[in-house]
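Scroll down for the structure; my scribbles are underneath it.
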Amino acid sequence: MTIELNNIKPRYMSESEVSGSDIYLQPHVVFEQGKRYMVCAKSGHGKSSLLNFIYGTSNAYDGTIRFLEKEDGREREVERTQSFKVNVLSYMFQDLCLFPQLTALENVLLKNRLTNFKTDEEIRQMLASLLPPDKLGQSVATLSLGQRQRVAAVRAICQPFAFMLLDEPFSHVDKENACLLANMVMDEVARQGAGVIVTALDPVDQIATDVRMNL
Amino acid sequence: MPAQIVGYALTLLFGVAIILVVAQAYFDLRPLMTQQTDVFKAHTVTVSKNITIFKTANKENIYFDERELGKLEEQEFVKDVAQFNSASFSTSAAISFGGQRMSTELFFESVPDRYLDVQSDEWVWDSTSDFLPVIIPEEYLSLYNFGFAESQSLPVVSEAMLSQVTFNIFVEGNGKSKVYDSRIVGLSGKINSILVPESFLLWANREFGAGDKNRSSRLLVEFNDATDERIPAFFEANGLNINQTELESGKLSFLFKIAMLFVFVIALTIVVLSIVFVVMSVNVIVQKNRSLFVNLYNIGYTSRQIARFYHLTISIVSVVVIVVAMVMAMWVRGLYVGKVDAVFSLSGGAWQLPLMAFVLAILLLVVYNYATSRIIRRLVGE
């Protein structure tokens, strides 16, 4: 699958604000499955917006976003539906979108119940390798930001996907933990042969990327 | 949510129970209302002229002439006018009783069959038949049983016994005469006369009567609306005598229907309010937990899946409430059926109750399914 952006611009940003962008207002931007894209920009330049437009949580943009599927050597457009969130696009939100009343385990299971992608045991093991053992049964509200980010990362890989969208994924964890997280996510990406779009303030070295773009 | 659910359940229970009771009572009591009036048509009365001292001298005055009939027919509140036909020949009945022969002079009248309150297969006559069915007023039997038989120490007679007795009817006039076999095929509670089939009377008046003129001293008048205030005034002004009790029962049936409708509308309002209440509650709850629902939608749950919990909860509560309301309505029905059955046998069971409850339940489920998924869809911006 490829994602094709044509003349995309957030409605709430002026043309001068997005001038010089490699993506916004460019007639033809393509994200290919299997490649890793790093999108860098300062805050307020619409990094999260870009991922939200692709994921479908926001429609406040001009231009078109198309999802193209290769079939018998020909490209066919696929309409994005709610089921994309279950089996085509995985998104690690910047604000994480966890359920604070639920425990770390329950948060991941809630997603996995939709996808049936991992066994409960696998999820338990992944969480145990990232969190102190006594934190697994605590509500997410009591966890630190870094710990929550790990829960969100585990949740993000509990589904089949063609693209992994990562919105400043390692902003709240130290370098060592960032490496651990990056490896876990990238292992899954490699296993599924998926593409990655990762946003960051500055280029991050935990993820080896094929293409770097400035927003 | 629990408090709202309890409040919803109670108001819905109240409303649905009243609706079911009223609707069932309507179905149950409608035949009773119509039976009283229907036989004698919805709003039909017997009309005759007032007999005054002057009219006793000139008997012609008690008959209705064409002009008077026309005047009556053109009144707005009159739907239909039918005439009592009376025999213009002499008749007598005779019965042989243990070797003894008793005979009495008689008179006959007839009314159109549609005004008759007696259903009998034997109520037919054709010119080749020697059998002549007769209907007499119920009061005649009562008069005999409770008056005559009592004072003369004679046995009492039931309607079934009476219809077994055969007798002969002699018809005479125009120098011709004929003997018919006859039986009483029914008792009329409404028409105070000795009736024979209309086809016979019209034929016999030509055959034996003084002429082919069928004169009527009594009319059956059917009204569009028996509660019309112009009716008593009109009859008063024209010196006509009407059977008031018939009008009373018409009024009663009208009031009964109005009262039913009134209660029904109130109950319906209660039900609608309870529905509005629960939908508003869901809306408030959803708005309060906005981020929760948006998060669920963001990680891939569909609006239908998110709405399912609320839809399911409300639906289950509604169905349980409707079943309870149905049981309550059954119980209430039991109370009045016992009383009504003593004077009037209610035909059939209460099959309308489950049917109405079922329709109501389906209706509510559809409304809630639509409302809850709409609330969620709007929230997540689908």
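In the structure tokens, the first chain shown is A, the next is B, and so on; residue numbers restart at 1 for each chain, and ligands run from 1 in the order shown.
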
Show me which bits of chain B are within 10 Å of chain A, counting only C-alpha atoms, as a short mmCIF file (atom, residue, chain, number, x, y, z; two decimals) with C-alpha atoms, in the first residue's frame.
data_model
loop_
_atom_site.label_atom_id
_atom_site.label_comp_id
_atom_site.auth_asym_id
_atom_site.auth_seq_id
_atom_site.Cartn_x
_atom_site.Cartn_y
_atom_site.Cartn_z
CA SER B 291 -12.74 11.84 25.96
CA LEU B 292 -13.41 8.20 26.80
CA VAL B 294 -13.34 9.72 21.47
CA ASN B 295 -10.40 7.55 22.63
CA LEU B 296 -12.34 4.37 21.96
CA TYR B 297 -13.16 5.64 18.50
CA ASN B 298 -9.51 6.60 17.93
CA ILE B 299 -8.20 3.16 18.72
CA GLY B 300 -10.63 1.62 16.23
CA TYR B 301 -13.94 0.93 17.98
CA THR B 302 -16.88 1.76 15.71
CA SER B 303 -19.61 4.10 16.88
CA VAL B 380 -16.94 11.27 17.27
CA GLY B 381 -17.72 13.39 14.22
CA GLU B 382 -18.57 10.49 11.97
#

Within 8 Å of Asp202 (chain A), counting only C-alpha atoms, which residues show up once you throw out same-chain ones fewer than 6 positions away? Write them as an mmCIF file with C-alpha atoms, in the first residue's frame, please.
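After the write, result_26.cif holds the following:
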data_model
loop_
_atom_site.group_PDB
_atom_site.id
_atom_site.type_symbol
_atom_site.label_atom_id
_atom_site.label_comp_id
_atom_site.auth_asym_id
_atom_site.auth_seq_id
_atom_site.Cartn_x
_atom_site.Cartn_y
_atom_site.Cartn_z
ATOM 1 C CA CYS A 40 11.124 16.941 11.229
ATOM 2 C CA ALA A 41 9.783 20.336 12.201
ATOM 3 C CA LYS A 42 9.650 22.762 15.072
#

Handout entry: Coordinates-based distance that separates CA of Arg67 (chain B) from CA of Glu229 (chain B) (Å, one decimal)
Key =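 A separation of 23.6 Å between them.
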